[in-house]
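Asker: Structure file final_38.tsv (TSV, C-alpha atoms) is given on the next line.
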```tsv
chain	number	residue	atom	x	y	z
A	1	GLY	CA	105.14	119.76	152.89
A	2	GLY	CA	104.47	123.38	153.64
A	3	SER	CA	103.63	125.61	156.53
A	4	ARG	CA	100.81	127.67	157.97
A	5	SER	CA	101.71	131.22	158.94
A	6	VAL	CA	99.43	134.07	159.92
A	7	ASN	CA	102.11	136.77	159.83
A	8	GLY	CA	104.78	135.54	157.44
A	9	SER	CA	105.18	134.39	153.84
A	10	ALA	CA	107.07	131.22	152.99
A	11	ILE	CA	109.75	133.49	151.46
A	12	SER	CA	110.04	137.23	152.07
A	13	VAL	CA	112.52	139.27	150.03
A	14	ALA	CA	113.41	142.48	151.85
A	15	GLU	CA	114.89	145.77	150.66
A	16	GLY	CA	117.78	145.24	148.25
A	17	GLY	CA	117.48	141.45	148.44
A	18	SER	CA	117.37	138.98	145.56
A	19	LEU	CA	116.25	135.37	145.08
A	20	GLY	CA	116.33	132.74	142.33
A	21	ILE	CA	113.67	130.03	141.95
A	22	HIS	CA	114.79	127.14	139.73
A	23	GLU	CA	113.59	123.89	138.15
A	24	THR	CA	113.47	121.62	141.19
A	25	ALA	CA	111.92	124.18	143.57
A	26	ALA	CA	108.46	123.51	145.01
A	27	ILE	CA	106.89	126.19	147.23
A	28	GLN	CA	103.55	124.86	148.34
A	29	ASN	CA	100.75	124.85	150.91
A	30	ASN	CA	101.68	128.03	152.77
A	31	TRP	CA	99.10	130.34	154.31
A	32	LYS	CA	99.40	134.06	155.09
A	33	ALA	CA	95.88	134.75	156.28
A	34	ASP	CA	95.72	138.56	156.37
A	35	GLY	CA	98.71	139.70	154.35
A	36	ASN	CA	100.47	139.66	150.99
A	37	GLY	CA	102.38	136.86	149.34
A	38	GLY	CA	101.43	133.43	150.59
A	39	ALA	CA	104.44	131.82	148.91
A	40	VAL	CA	106.70	134.74	147.95
A	41	ASP	CA	106.47	138.35	149.12
A	42	ILE	CA	108.76	140.79	147.26
A	43	SER	CA	108.10	143.91	149.26
A	44	GLY	CA	111.38	145.78	149.75
A	45	VAL	CA	112.51	148.63	147.52
A	46	ASP	CA	115.00	147.39	144.92
A	47	SER	CA	114.28	143.76	145.85
A	48	SER	CA	113.93	141.19	143.06
A	49	VAL	CA	113.07	137.57	142.33
A	50	LYS	CA	113.85	135.61	139.16
A	51	MET	CA	112.00	132.35	138.46
A	52	ASP	CA	113.09	130.12	135.56
A	53	GLY	CA	111.45	126.87	136.69
A	54	GLY	CA	109.83	125.09	139.58
A	55	THR	CA	106.30	125.18	140.96
A	56	ILE	CA	104.39	127.49	143.31
A	57	SER	CA	101.12	125.82	144.33
A	58	GLY	CA	98.42	125.53	146.95
A	59	ASN	CA	99.24	128.76	148.80
A	60	LYS	CA	96.80	131.25	150.36
A	61	ALA	CA	96.96	134.96	151.17
A	62	ALA	CA	94.89	138.13	151.06
A	63	ASN	CA	96.75	139.43	147.96
A	64	GLY	CA	99.16	137.55	145.73
A	65	ALA	CA	98.68	134.05	147.08
A	66	GLY	CA	101.46	132.84	144.80
A	67	VAL	CA	103.64	135.95	144.48
A	68	HIS	CA	103.15	139.52	145.72
A	69	VAL	CA	105.20	142.30	144.10
A	70	GLY	CA	105.24	145.54	146.08
A	71	SER	CA	105.88	148.96	144.57
A	72	GLY	CA	109.55	149.38	143.71
A	73	SER	CA	110.17	145.61	143.52
A	74	ALA	CA	110.68	143.30	140.53
A	75	PHE	CA	109.61	139.79	139.52
A	76	THR	CA	110.94	138.11	136.37
A	77	MET	CA	109.54	134.73	135.27
A	78	THR	CA	110.89	132.82	132.27
A	79	GLY	CA	109.70	129.33	133.17
A	80	GLY	CA	107.74	127.34	135.70
A	81	THR	CA	104.18	126.93	136.91
A	82	ILE	CA	102.05	128.84	139.41
A	83	LYS	CA	98.84	126.93	140.11
A	84	MET	CA	96.01	126.31	142.57
A	85	ASN	CA	96.71	129.34	144.76
A	86	VAL	CA	93.85	131.21	146.46
A	87	ALA	CA	93.71	134.94	147.35
A	88	SER	CA	90.80	136.45	149.25
A	89	GLY	CA	91.54	139.81	147.61
A	90	ASN	CA	93.66	140.36	144.50
A	91	GLY	CA	95.81	138.06	142.37
A	92	GLY	CA	95.57	134.35	143.02
A	93	CYS	CA	98.73	133.76	141.00
A	94	ILE	CA	100.49	137.16	141.13
A	95	ASP	CA	99.54	140.54	142.59
A	96	VAL	CA	101.47	143.68	141.64
A	97	GLU	CA	101.23	147.11	143.27
A	98	ASN	CA	102.57	149.52	140.66
A	99	ASP	CA	103.06	152.98	142.14
A	100	ASP	CA	106.81	153.32	141.57
A	101	GLU	CA	108.77	153.63	138.34
A	102	ASN	CA	111.12	150.87	139.52
A	103	THR	CA	108.32	148.32	139.81
A	104	ALA	CA	108.70	145.57	137.21
A	105	LEU	CA	106.90	142.41	136.15
A	106	SER	CA	108.21	140.43	133.17
A	107	ILE	CA	106.77	137.04	132.21
A	108	THR	CA	108.06	135.27	129.09
A	109	GLY	CA	108.79	131.75	127.87
A	110	LYS	CA	106.94	128.55	128.70
A	111	VAL	CA	105.04	129.77	131.73
A	112	LEU	CA	101.74	128.44	133.07
A	113	SER	CA	99.26	130.12	135.40
A	114	SER	CA	96.51	127.60	136.06
A	115	SER	CA	93.58	127.05	138.42
A	116	ASN	CA	94.27	130.04	140.69
A	117	SER	CA	91.46	132.10	142.23
A	118	ALA	CA	90.85	135.50	143.82
A	119	GLN	CA	88.20	138.17	144.22
A	120	ASN	CA	89.82	140.19	141.41
A	121	GLY	CA	92.41	138.75	139.06
A	122	GLY	CA	92.10	135.02	139.53
A	123	GLY	CA	95.40	134.73	137.65
A	124	ILE	CA	97.20	138.10	137.77
A	125	SER	CA	96.25	141.43	139.32
A	126	VAL	CA	98.08	144.68	138.53
A	127	ARG	CA	96.84	147.74	140.38
A	128	SER	CA	97.84	151.34	140.92
A	129	SER	CA	96.55	154.48	142.57
A	130	GLY	CA	97.17	156.22	139.24
A	131	ALA	CA	98.79	159.14	141.05
A	132	GLY	CA	102.45	158.72	140.15
A	133	LYS	CA	104.92	157.10	137.79
A	134	GLN	CA	104.60	153.39	137.07
A	135	GLY	CA	107.10	150.69	136.24
A	136	GLU	CA	107.01	148.38	133.22
A	137	ILE	CA	104.65	145.41	133.13
A	138	THR	CA	105.22	143.06	130.17
A	139	LEU	CA	103.62	139.67	129.63
A	140	GLY	CA	104.77	137.51	126.70
A	141	ASP	CA	107.16	138.20	123.81
A	142	ASP	CA	107.99	137.14	120.24
A	143	GLY	CA	109.47	133.78	121.25
A	144	GLU	CA	108.21	130.35	120.25
A	145	ASP	CA	106.88	129.57	123.73
A	146	GLN	CA	103.63	131.17	124.83
A	147	VAL	CA	102.62	132.32	128.27
A	148	THR	CA	99.42	130.44	129.12
A	149	ILE	CA	96.76	131.74	131.52
A	150	GLU	CA	94.11	129.04	131.95
A	151	TYR	CA	91.30	127.86	134.23
A	152	ASN	CA	91.65	130.72	136.70
A	153	TRP	CA	88.58	132.14	138.47
A	154	ALA	CA	87.57	135.48	139.98
A	155	SER	CA	84.62	135.81	142.33
A	156	SER	CA	84.32	139.41	141.09
A	157	SER	CA	86.17	140.46	137.89
A	158	GLY	CA	89.13	139.44	135.74
A	159	GLY	CA	89.28	135.67	135.72
A	160	GLY	CA	92.67	135.65	133.97
A	161	ILE	CA	93.98	139.19	134.46
A	162	TYR	CA	92.66	142.21	136.35
A	163	THR	CA	94.21	145.64	135.88
A	164	ASN	CA	93.05	148.79	137.64
A	165	MET	CA	94.70	152.11	136.72
A	166	ALA	CA	97.84	150.23	135.67
A	167	GLY	CA	99.35	149.77	132.21
A	168	ILE	CA	100.24	146.35	130.76
A	169	SER	CA	101.77	145.21	127.47
A	170	MET	CA	100.72	141.66	126.47
A	171	LYS	CA	102.01	139.70	123.47
A	172	ASN	CA	101.78	136.12	122.15
A	173	MET	CA	99.69	134.72	125.00
A	174	VAL	CA	96.91	132.17	125.48
A	175	PHE	CA	93.87	132.86	127.67
A	176	SER	CA	91.63	129.81	127.90
A	177	GLY	CA	88.99	128.48	130.26
A	178	ASN	CA	89.07	131.40	132.71
A	179	ALA	CA	85.90	132.64	134.43
A	180	ALA	CA	84.58	135.60	136.43
A	181	ASN	CA	81.36	135.98	138.40
A	182	GLN	CA	81.02	139.57	137.17
A	183	HIS	CA	83.05	141.11	134.33
A	184	GLY	CA	85.95	139.97	132.17
A	185	GLY	CA	86.13	136.21	132.09
A	186	SER	CA	89.62	136.42	130.63
A	187	VAL	CA	90.77	140.05	131.03
A	188	TYR	CA	89.36	143.02	132.94
A	189	VAL	CA	90.77	146.47	132.13
A	190	ALA	CA	89.93	149.68	133.99
A	191	GLY	CA	91.85	152.74	132.82
A	192	ASN	CA	95.41	153.42	131.66
A	193	ASP	CA	97.38	151.95	128.74
A	194	VAL	CA	96.80	148.26	128.00
A	195	SER	CA	97.75	146.59	124.72
A	196	MET	CA	97.26	143.02	123.44
A	197	GLU	CA	98.98	141.59	120.35
A	198	ASP	CA	99.08	138.09	118.80
A	199	MET	CA	96.67	136.74	121.39
A	200	PHE	CA	94.38	133.74	121.68
A	201	VAL	CA	91.37	134.44	123.88
A	202	GLY	CA	88.97	131.51	123.84
A	203	TYR	CA	86.49	129.52	125.91
A	204	ASN	CA	86.33	132.02	128.77
A	205	ARG	CA	83.16	132.96	130.66
A	206	ALA	CA	81.72	135.94	132.58
A	207	ASP	CA	78.43	135.80	134.44
A	208	GLU	CA	77.73	139.46	133.58
A	209	ASN	CA	79.72	141.27	130.85
A	210	GLY	CA	82.77	140.54	128.71
A	211	GLY	CA	83.18	136.79	128.49
A	212	GLY	CA	86.53	137.28	126.79
A	213	ILE	CA	87.58	140.88	127.52
A	214	TYR	CA	85.94	143.68	129.48
A	215	ALA	CA	87.58	147.08	128.95
A	216	THR	CA	86.58	150.48	130.27
A	217	GLY	CA	88.46	153.76	130.12
A	218	GLU	CA	90.93	154.94	127.49
A	219	ASN	CA	93.92	153.58	125.58
A	220	PHE	CA	93.03	149.92	125.32
A	221	SER	CA	94.11	148.21	122.10
A	222	PHE	CA	93.70	144.68	120.75
A	223	LYS	CA	96.13	144.71	117.85
A	224	SER	CA	95.94	141.14	116.55
A	225	GLY	CA	94.91	137.63	117.45
A	226	GLU	CA	91.83	135.45	117.80
A	227	ILE	CA	88.85	135.83	120.11
A	228	LYS	CA	86.49	132.85	119.96
A	229	GLN	CA	83.74	131.05	121.84
A	230	ASN	CA	83.70	133.20	124.94
A	231	THR	CA	80.38	133.58	126.74
A	232	ALA	CA	78.69	136.22	128.91
A	233	THR	CA	75.21	136.39	130.38
A	234	ASN	CA	74.73	140.03	129.33
A	235	ASP	CA	77.07	141.64	126.78
A	236	GLY	CA	80.31	140.57	125.12
```
Render the structure in this file as C-alpha cells.
Answerer:
Amino acid sequence: GGSRSVNGSAISVAEGGSLGIHETAAIQNNWKADGNGGAVDISGVDSSVKMDGGTISGNKAANGAGVHVGSGSAFTMTGGTIKMNVASGNGGCIDVENDDENTALSITGKVLSSSNSAQNGGGISVRSSGAGKQGEITLGDDGEDQVTIEYNWASSSGGGIYTNMAGISMKNMVFSGNAANQHGGSVYVAGNDVSMEDMFVGYNRADENGGGIYATGENFSFKSGEIKQNTATNDG
C-alpha cells in the first residue's frame, strides 16, 4: 500500500504533537514531490516522534524522504529499519534542520539505515545555518547493539552521513558499503564539532575524495575504531 501526495507527507506531526512508531508499523511508498518528509514530517515546534520498531521504506521527497526533522522538533529512534527511500535534495533516510537548541536527534539500539539515496546524505543529513544555537544530535551509544548505516548512496557527497555546519556525536556504529559520487563515501563533514568513537568504517567508496571519511573545517575527531578497505579515485 501507500499513497502519492504532492503537498502532504504520509504523517505530519504539527506543533506540540507527538507520535509513536512501533514494531508492526509499515510506512511505505509515499511521495511528497517538492517538500520535506515523504513518510514522516516533524515540523512543528516542540513536536516529537519516537520509533522503537517498524519499517519506513520506499518513500520519496525533496528532503528527508524517510523522516524530516525541522528546527525545534525531535526524533528518537531505538529500533526499526529505514530503507530504500529517495530524496532529491538532502537525507534519503533522515534530514535534520538544526537551527534551534530544542532540535534533537537520538538514534540508538539495533537500528538499520539501508539502501537510501539523496543528493547529499544518502543516509542521514544534518544541516544548519551556523548562526544560532543548535540542539543535540547523537548517533549510537555504549550498548551491545550497533547502529548500522549501509549501502546508502549520495549523488554528491556523504553517502552515509552528510553534516554541514552542524555538530554530531557518533559512537559504536557501523558504516559499510556506502558510496558518494563526489566526497565522503561514508561520512562528509563540513565545519562545527563532529566526533566519532568506537566506529567501523569499511568498504565505502567516493568517486573523488574521502572513500571512508571526508572532513573539512575545525573540531573533527576520530577517537577510536577501525577504518579499512575504503576507496577513492583521488585522495583518502
Asker: My list of candidates is A:Gly79, A:Gly177, A:Gly135, A:Gly54. Which is closest to Ser114 of chain A when distances are computed with only C-alpha atoms?
Answerer: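 When distances to Ser114 of chain A are compared using only C-alpha atoms, the smallest one comes from A:Gly177.
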Asker: Can you pull out every residue within 7 Å of segment 209-217 of chain A, counting all atoms listed in the file, but drop anything in the same chain fewer than 4 positions away, and send it as a PyMOL selection string?
Answerer: chain A and resi 182-191+201-202+204-205+230-236
Asker: Put those residues in a file: C-alpha atoms, as a PDB file, in the frame of the given file.
Answerer:
```pdb
ATOM      1  CA  GLN A 182      81.020 139.570 137.170  1.00  0.00           C
ATOM      2  CA  HIS A 183      83.050 141.110 134.330  1.00  0.00           C
ATOM      3  CA  GLY A 184      85.950 139.970 132.170  1.00  0.00           C
ATOM      4  CA  GLY A 185      86.130 136.210 132.090  1.00  0.00           C
ATOM      5  CA  SER A 186      89.620 136.420 130.630  1.00  0.00           C
ATOM      6  CA  VAL A 187      90.770 140.050 131.030  1.00  0.00           C
ATOM      7  CA  TYR A 188      89.360 143.020 132.940  1.00  0.00           C
ATOM      8  CA  VAL A 189      90.770 146.470 132.130  1.00  0.00           C
ATOM      9  CA  ALA A 190      89.930 149.680 133.990  1.00  0.00           C
ATOM     10  CA  GLY A 191      91.850 152.740 132.820  1.00  0.00           C
ATOM     11  CA  VAL A 201      91.370 134.440 123.880  1.00  0.00           C
ATOM     12  CA  GLY A 202      88.970 131.510 123.840  1.00  0.00           C
ATOM     13  CA  ASN A 204      86.330 132.020 128.770  1.00  0.00           C
ATOM     14  CA  ARG A 205      83.160 132.960 130.660  1.00  0.00           C
ATOM     15  CA  ASN A 230      83.700 133.200 124.940  1.00  0.00           C
ATOM     16  CA  THR A 231      80.380 133.580 126.740  1.00  0.00           C
ATOM     17  CA  ALA A 232      78.690 136.220 128.910  1.00  0.00           C
ATOM     18  CA  THR A 233      75.210 136.390 130.380  1.00  0.00           C
ATOM     19  CA  ASN A 234      74.730 140.030 129.330  1.00  0.00           C
ATOM     20  CA  ASP A 235      77.070 141.640 126.780  1.00  0.00           C
ATOM     21  CA  GLY A 236      80.310 140.570 125.120  1.00  0.00           C
TER      22      GLY A 236
END
```
Asker: Distance atom CA of Ser12 of chain A-atom CA of Ala154 of chain A, one decimal place?
Answerer: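 We find that atom CA of Ser12 of chain A and atom CA of Ala154 of chain A lie 25.6 Å from each other.
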Asker: Given the point (102.8, 133.5, 152.2) in the file's coordinates, find the residues that have an atom at most 8 Å from it, counting all atoms listed in the file, and give them as number ranges by chain.
Answerer: A: 5, 8-11, 30-32, 35-41, 59-61, 65-66
Asker: Under the rule of at most 8 Å, produce a per-residue listing of segment 119-166 of chain A near segment 84-108 of chain A: chain, number, name, the closest pair of atoms, and the distance in Å, as a Markdown table, using only C-alpha atoms.
Answerer:
```
| residue | atom | partner | partner_atom | distance |
| --- | --- | --- | --- | --- |
| A:Gln119 | CA | A:Gly89 | CA | 5.0 |
| A:Asn120 | CA | A:Asn90 | CA | 4.9 |
| A:Gly121 | CA | A:Gly91 | CA | 4.8 |
| A:Gly122 | CA | A:Gly92 | CA | 5.0 |
| A:Gly123 | CA | A:Cys93 | CA | 4.8 |
| A:Ile124 | CA | A:Ile94 | CA | 4.8 |
| A:Ser125 | CA | A:Gly91 | CA | 4.6 |
| A:Val126 | CA | A:Val96 | CA | 4.7 |
| A:Arg127 | CA | A:Glu97 | CA | 5.3 |
| A:Ser128 | CA | A:Asn98 | CA | 5.1 |
| A:Ser129 | CA | A:Asp99 | CA | 6.7 |
| A:Gly130 | CA | A:Asp99 | CA | 7.3 |
| A:Ala131 | CA | A:Asp99 | CA | 7.6 |
| A:Gly132 | CA | A:Asp99 | CA | 6.1 |
| A:Lys133 | CA | A:Glu101 | CA | 5.2 |
| A:Gln134 | CA | A:Glu101 | CA | 4.4 |
| A:Gly135 | CA | A:Glu101 | CA | 4.0 |
| A:Glu136 | CA | A:Ala104 | CA | 5.2 |
| A:Ile137 | CA | A:Leu105 | CA | 4.8 |
| A:Thr138 | CA | A:Ser106 | CA | 5.0 |
| A:Leu139 | CA | A:Ile107 | CA | 4.8 |
| A:Gly140 | CA | A:Thr108 | CA | 4.6 |
| A:Asp141 | CA | A:Thr108 | CA | 6.1 |
| A:Asp145 | CA | A:Thr108 | CA | 7.9 |
| A:Gln146 | CA | A:Thr108 | CA | 7.4 |
| A:Val147 | CA | A:Thr108 | CA | 6.2 |
| A:Tyr162 | CA | A:Gly91 | CA | 8.0 |
| A:Ala166 | CA | A:Asn98 | CA | 6.9 |
```
Asker: Rounded to one decimal, what separation in Å do you get between atom CA of Ile27 of chain A and atom CA of Ile56 of chain A?
Answerer: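 Computing it gives 4.8 Å between the two atoms.
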Asker: Would you mind telling me which residue in A:Glu197, A:Gly44, A:Ala206, A:Trp153 lies nearest to Phe222 of chain A when using only C-alpha atoms?
Answerer: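 Using only C-alpha atoms, Phe222 of chain A sits closest to A:Glu197.
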Asker: By how many Å are atom CA of Ile149 of chain A and atom CA of Ser18 of chain A apart?
Answerer: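 Atom-to-atom, atom CA of Ile149 of chain A to atom CA of Ser18 of chain A, that is 26.0 Å.
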